[in-house]
Amino acid sequence: MPSVHSKPLILWRDLSPRSIPLVKPDSNSRRILVVGGGVIGLVTAWVLLDHGYKVTVLAKEWPTWSDKQRLTSQIAGALWEYPPAVCGQHTNTISLSNSKRWCMDAYHVYNALASEPNIAKASGVSMKSGDFFFPCPIEEDVEELSKMEEIMASGVVGFRRDRNLVQERLVDPRHGVVDAYEILSPVIDTDVAMKWLLDLVKGKGADFVTETIQDDLLVLETELRKRFSADAIVNCTGLAGSQLAGDDTCYPIRGGLIRVMNDGTDFPKVEAAMTMTAGALHDFNEIVFIVPRNDNILLIGGIIEPHKWELDLTLESPTIKRMRARCEAFLPDLKKARVDPDYPFAQGLRPFREKNVRVERELRNSDAATGPSRIVHSYGQGGAGWSLAFGCAGDVLALVEEALQDLPPKAMNATQSKAEQKAASCARP
């Protein structure tokens with residue numbers, strides 16, 4: 001857990017979707033350098049700006065809407081999920097505990113954004129039925145039963161357990177689905193949302209710098225803070241944590257999504273998100289992920305390929321063919337689907353790290369520093385960046401406030417990875 005516990009962020013009280021900061025900075029306001037231009041970096045910048053900080057966002061690349069490879073934050077399926085999510089990789093006890101708290105912060109922010117029609121359209125956020133299917137009665141799977149009961153008590157809207165969802169959603173009964181429940185879940189059109197976030201953060205006064213950093217931020221801290229007049233640095237760089245945080249536990253999980261037309265022409269329009277998670281199936285290779293991206297596009301996935309760095313998949317790759325066949329067996333109407341002619345296939349690298357999502361202050365001391373580092377880390381969210389962004393940003397805010405007081409940093413938990421143990425030992429006098 002962070003050494004300073006943050007309060008849940010509430011839209012309109014703690015952050016505003018308007019392009020002016022809730023708390024306007026003045027000549028005495030501190031400046032924060034946020035490194036990373038994905039959803040974690042931009043949401044973190046938004047929260048800091050609305051709390052009166054001046055912010056510079058530095059990134060090696062920004063969202064693109066061309067034929068170029070898009071950011072991981074744009075490629076993400078972006079269906080809000082209660083952890084462990086579809087890909088089932090965040091299973092460490094500490095990580096799950098934090099993620100459950102973080103995801104509920106995001107849930108309430110998205111629900112509030114979606115409740116205002118104009119804001120919902122501009123931000124790309126909507127609330128849709130999210131249906132979760134199971135190959136056995138939920139009571140027979142202790143972990144899934146526990147997860148369902150937590151969801152029921154979490155404050156999530158629209159919970160309904162109903163085996164009839166199999167028939168309602170036109171799922172093939174021969175697929176072996178015997179149980180299901182539904183919630184009202186945020187779904188984010190990521191291309192729209194990333195543009196909105198960029199414009200929002202810019203409107204609130206952030207400066208943007210395009211630059212690639214390839215060294216450990218701790219080594220560069222003094223120089224970066226001087227060059228950008230920054231009082232603290234927040235690292236939101238995903239997989240780059242291996243270089244920028246000296247963290248050798250970072251690794252990618254490659255994913256891919258087929259985009260098909262969902263306009264009701266070729267098959268009845270799919271209005272609900274439908275999944276069979278790795279946890280429910282107890283098999284990472286058999287997940288089903290079907291999510292309406294917007295009014296006309298449906299996403300079909302997914303795959304989980306740890307430590308695969310190459311973005312060389314195509315619609316003809318055997319892995320992708322099997323993925324599509326799996327989803328078509330689940331929902332036979334997809335056999336009639338036409339791929340999006342403009343953007344048929346998306347692939348990217350989910351930024352994971354071993355065991356925990358890392359939201360904590362830098363634990364090491366720089367040889368050049370006279371006090372604790374003022375670096376705060378927020379990376380390793382994996383495939384759950386959109387689900388965890390607001391909760392993580394709230395904790396970052398609390399950690400930044402702590403760092404600015406030059407208080408000693410504390411590790412997230414006592415059960416640390418080797419990298420964190422080494423960092424902690426370096427931090428001791």
# chains A, B, ... in the order shown; residues from 1 in each chain; ligands from 1
>>> closest_atom_pairs(of="range 111-136 of chain A", to="range 284-292 of chain A", cutoff="10 Å", atoms="only C-alpha atoms", output="CSV")
residue,atom,partner,partner_atom,distance
A:Lys128,CA,A:Pro292,CA,8.7
A:Ser129,CA,A:Val291,CA,10.0
A:Gly130,CA,A:Val291,CA,8.5
A:Asp131,CA,A:Ile290,CA,9.8
A:Phe132,CA,A:Phe289,CA,9.7
A:Phe133,CA,A:Val288,CA,9.3
>>> write_last_selection(atoms="all heavy atoms", output="CSV table (one decimal), in the first residue's frame")
chain,number,residue,atom,x,y,z
A,128,LYS,N,-22.2,0.1,-20.5
A,128,LYS,CA,-22.9,-1.0,-21.3
A,128,LYS,C,-23.0,-2.2,-20.4
A,128,LYS,O,-22.3,-2.4,-19.4
A,128,LYS,CB,-22.1,-1.3,-22.5
A,128,LYS,CG,-22.0,-0.2,-23.6
A,128,LYS,CD,-21.2,-0.7,-24.8
A,128,LYS,CE,-21.0,0.4,-25.8
A,128,LYS,NZ,-22.3,0.8,-26.4
A,129,SER,N,-23.9,-3.1,-20.8
A,129,SER,CA,-24.0,-4.4,-20.1
A,129,SER,C,-22.8,-5.2,-20.4
A,129,SER,O,-22.3,-5.3,-21.5
A,129,SER,CB,-25.2,-5.2,-20.6
A,129,SER,OG,-26.4,-4.5,-20.3
A,130,GLY,N,-22.2,-5.7,-19.3
A,130,GLY,CA,-21.0,-6.5,-19.4
A,130,GLY,C,-21.3,-7.9,-18.8
A,130,GLY,O,-21.7,-8.0,-17.6
A,131,ASP,N,-21.3,-8.9,-19.7
A,131,ASP,CA,-21.8,-10.2,-19.3
A,131,ASP,C,-20.6,-11.2,-19.2
A,131,ASP,O,-19.7,-11.3,-20.1
A,131,ASP,CB,-22.7,-10.8,-20.4
A,131,ASP,CG,-24.0,-9.9,-20.5
A,131,ASP,OD1,-24.3,-9.1,-19.6
A,131,ASP,OD2,-24.7,-10.0,-21.5
A,132,PHE,N,-20.6,-11.9,-18.1
A,132,PHE,CA,-19.5,-12.8,-17.8
A,132,PHE,C,-20.0,-14.3,-17.7
A,132,PHE,O,-21.0,-14.5,-17.0
A,132,PHE,CB,-18.8,-12.4,-16.5
A,132,PHE,CG,-18.2,-11.0,-16.6
A,132,PHE,CD1,-19.0,-9.9,-16.3
A,132,PHE,CD2,-16.8,-10.9,-16.9
A,132,PHE,CE1,-18.4,-8.7,-16.4
A,132,PHE,CE2,-16.3,-9.6,-17.0
A,132,PHE,CZ,-17.1,-8.5,-16.7
A,133,PHE,N,-19.4,-15.1,-18.5
A,133,PHE,CA,-20.0,-16.5,-18.7
A,133,PHE,C,-19.0,-17.5,-18.1
A,133,PHE,O,-17.8,-17.3,-18.1
A,133,PHE,CB,-20.2,-16.8,-20.2
A,133,PHE,CG,-21.3,-15.9,-20.8
A,133,PHE,CD1,-20.9,-14.7,-21.4
A,133,PHE,CD2,-22.6,-16.2,-20.8
A,133,PHE,CE1,-21.9,-13.8,-21.9
A,133,PHE,CE2,-23.6,-15.4,-21.3
A,133,PHE,CZ,-23.2,-14.2,-21.9
>>> select_by_dssp(residues="range 239-375 of chain A", states="strand (DSSP E)", output="ChimeraX atom specification")
/A:250-261,273-276,288-292,297-301,305-306,345-353,358-361,375
>>> closest_atom_pairs(of="range 133-246 of chain A", to="range 394-406 of chain A", cutoff="8 Å", atoms="only C-alpha atoms", output="CSV")
residue,atom,partner,partner_atom,distance
A:Asp231,CA,A:Leu404,CA,7.2
A:Ala232,CA,A:Val400,CA,7.1
A:Val234,CA,A:Val396,CA,7.9
>>> closest_residue(among="A:Ile297, A:Pro173, A:Ser154, A:Val142", to="Pro341 in chain A", atoms="only C-alpha atoms")
A:Ile297
>>> select_by_dssp(residues="range 66-302 of chain A", states="alpha helix (DSSP H)", output="MDAnalysis selection string")
chainID A and resid 72:75 93:115 117:123 142:152 165:168 190:203 217:227 241:244 278:281
>>> closest_residue(among="A:Thr275, A:Ser317, A:Ser242, A:Ser373", to="Phe134 in chain A", atoms="only C-alpha atoms")
A:Thr275
>>> atom_distance(atom1="CA of Lys336 in chain A", atom2="CA of Gly383 in chain A")
28.5 Å
>>> atom_distance(atom1="CA of Lys100 in chain A", atom2="CA of Thr72 in chain A")
22.2 Å
>>> residues_around(residues="Gly241 in chain A", least_positions_apart="2", cutoff="10 Å", atoms="only C-alpha atoms", output="count of residues only")
24
>>> closest_residue(among="A:Thr314, A:Ser19, A:Thr56, A:Ser185", to="Ile151 in chain A", atoms="only C-alpha atoms")
A:Ser185
>>> closest_residue(among="A:Leu113, A:Leu349, A:Ala272, A:Ala393", to="Leu71 in chain A", atoms="only C-alpha atoms")
A:Leu349
>>> decode(residues="range 201-231 of chain A", atoms="N, CA, C and O atoms", output="short mmCIF file (atom, residue, chain, number, x, y, z; two decimals), in the first residue's frame")
data_model
loop_
_atom_site.label_atom_id
_atom_site.label_comp_id
_atom_site.auth_asym_id
_atom_site.auth_seq_id
_atom_site.Cartn_x
_atom_site.Cartn_y
_atom_site.Cartn_z
N VAL A 201 -6.06 17.92 -20.74
CA VAL A 201 -4.85 18.22 -19.98
C VAL A 201 -4.18 19.48 -20.53
O VAL A 201 -3.68 20.33 -19.77
N LYS A 202 -4.17 19.62 -21.84
CA LYS A 202 -3.62 20.83 -22.45
C LYS A 202 -4.44 22.05 -22.04
O LYS A 202 -3.90 23.11 -21.70
N GLY A 203 -5.77 21.91 -22.07
CA GLY A 203 -6.64 23.03 -21.69
C GLY A 203 -6.46 23.46 -20.25
O GLY A 203 -6.63 24.64 -19.91
N LYS A 204 -6.11 22.51 -19.39
CA LYS A 204 -5.89 22.84 -17.98
C LYS A 204 -4.52 23.45 -17.73
O LYS A 204 -4.20 23.82 -16.59
N GLY A 205 -3.70 23.53 -18.79
CA GLY A 205 -2.44 24.27 -18.66
C GLY A 205 -1.17 23.46 -18.72
O GLY A 205 -0.08 24.02 -18.52
N ALA A 206 -1.23 22.18 -19.01
CA ALA A 206 -0.02 21.38 -19.06
C ALA A 206 0.84 21.75 -20.26
O ALA A 206 0.34 22.13 -21.32
N ASP A 207 2.14 21.63 -20.08
CA ASP A 207 3.09 21.76 -21.18
C ASP A 207 3.42 20.35 -21.68
O ASP A 207 3.47 19.40 -20.90
N PHE A 208 3.65 20.23 -22.99
CA PHE A 208 3.97 18.94 -23.59
C PHE A 208 5.35 18.98 -24.22
O PHE A 208 5.68 19.93 -24.94
N VAL A 209 6.13 17.95 -23.94
CA VAL A 209 7.49 17.84 -24.48
C VAL A 209 7.65 16.46 -25.09
O VAL A 209 7.35 15.45 -24.44
N THR A 210 8.11 16.41 -26.35
CA THR A 210 8.38 15.13 -27.00
C THR A 210 9.87 14.83 -26.89
O THR A 210 10.71 15.56 -27.43
N GLU A 211 10.19 13.78 -26.16
CA GLU A 211 11.59 13.44 -25.89
C GLU A 211 11.67 11.99 -25.42
O GLU A 211 10.76 11.51 -24.74
N THR A 212 12.73 11.32 -25.78
CA THR A 212 12.96 9.96 -25.34
C THR A 212 14.00 9.94 -24.23
O THR A 212 15.10 10.47 -24.40
N ILE A 213 13.64 9.35 -23.11
CA ILE A 213 14.58 9.15 -22.00
C ILE A 213 14.97 7.68 -21.98
O ILE A 213 14.10 6.81 -22.00
N GLN A 214 16.26 7.41 -21.94
CA GLN A 214 16.72 6.03 -22.03
C GLN A 214 17.58 5.62 -20.84
O GLN A 214 18.16 4.54 -20.84
N ASP A 215 17.65 6.44 -19.83
CA ASP A 215 18.48 6.13 -18.67
C ASP A 215 17.60 6.12 -17.42
O ASP A 215 16.45 6.56 -17.45
N ASP A 216 18.18 5.63 -16.35
CA ASP A 216 17.48 5.56 -15.07
C ASP A 216 17.12 6.97 -14.60
O ASP A 216 17.97 7.86 -14.56
N LEU A 217 15.86 7.18 -14.28
CA LEU A 217 15.43 8.51 -13.82
C LEU A 217 16.17 8.95 -12.57
O LEU A 217 16.38 10.15 -12.36
N LEU A 218 16.55 8.00 -11.74
CA LEU A 218 17.28 8.38 -10.53
C LEU A 218 18.61 9.04 -10.88
O LEU A 218 19.02 10.01 -10.24
N VAL A 219 19.28 8.51 -11.90
CA VAL A 219 20.54 9.10 -12.35
C VAL A 219 20.31 10.48 -12.94
O VAL A 219 21.13 11.40 -12.77
N LEU A 220 19.17 10.65 -13.61
CA LEU A 220 18.87 11.90 -14.30
C LEU A 220 18.07 12.89 -13.47
O LEU A 220 17.78 14.00 -13.93
N GLU A 221 17.68 12.50 -12.28
CA GLU A 221 16.71 13.29 -11.52
C GLU A 221 17.14 14.74 -11.34
O GLU A 221 16.35 15.67 -11.61
N THR A 222 18.34 14.98 -10.89
CA THR A 222 18.79 16.36 -10.64
C THR A 222 18.75 17.19 -11.92
O THR A 222 18.24 18.32 -11.94
N GLU A 223 19.23 16.60 -13.01
CA GLU A 223 19.28 17.32 -14.29
C GLU A 223 17.88 17.59 -14.83
O GLU A 223 17.57 18.69 -15.29
N LEU A 224 16.99 16.59 -14.76
CA LEU A 224 15.63 16.77 -15.26
C LEU A 224 14.86 17.80 -14.43
O LEU A 224 14.14 18.65 -14.97
N ARG A 225 15.00 17.72 -13.14
CA ARG A 225 14.29 18.68 -12.29
C ARG A 225 14.78 20.11 -12.55
O ARG A 225 13.97 21.05 -12.59
N LYS A 226 16.07 20.24 -12.77
CA LYS A 226 16.61 21.58 -13.07
C LYS A 226 16.13 22.07 -14.43
O LYS A 226 15.69 23.21 -14.57
N ARG A 227 16.18 21.19 -15.43
CA ARG A 227 15.83 21.60 -16.79
C ARG A 227 14.35 21.96 -16.92
O ARG A 227 14.00 22.88 -17.66
N PHE A 228 13.48 21.25 -16.19
CA PHE A 228 12.04 21.51 -16.31
C PHE A 228 11.48 22.27 -15.10
O PHE A 228 10.26 22.39 -14.98
N SER A 229 12.37 22.77 -14.26
CA SER A 229 11.95 23.49 -13.04
C SER A 229 10.92 22.68 -12.26
O SER A 229 9.92 23.20 -11.77
N ALA A 230 11.19 21.37 -12.17
CA ALA A 230 10.23 20.45 -11.56
C ALA A 230 10.60 20.18 -10.10
O ALA A 230 11.76 19.98 -9.76
N ASP A 231 9.58 20.16 -9.26
CA ASP A 231 9.77 19.85 -7.85
C ASP A 231 9.69 18.36 -7.58
O ASP A 231 10.15 17.89 -6.54
#
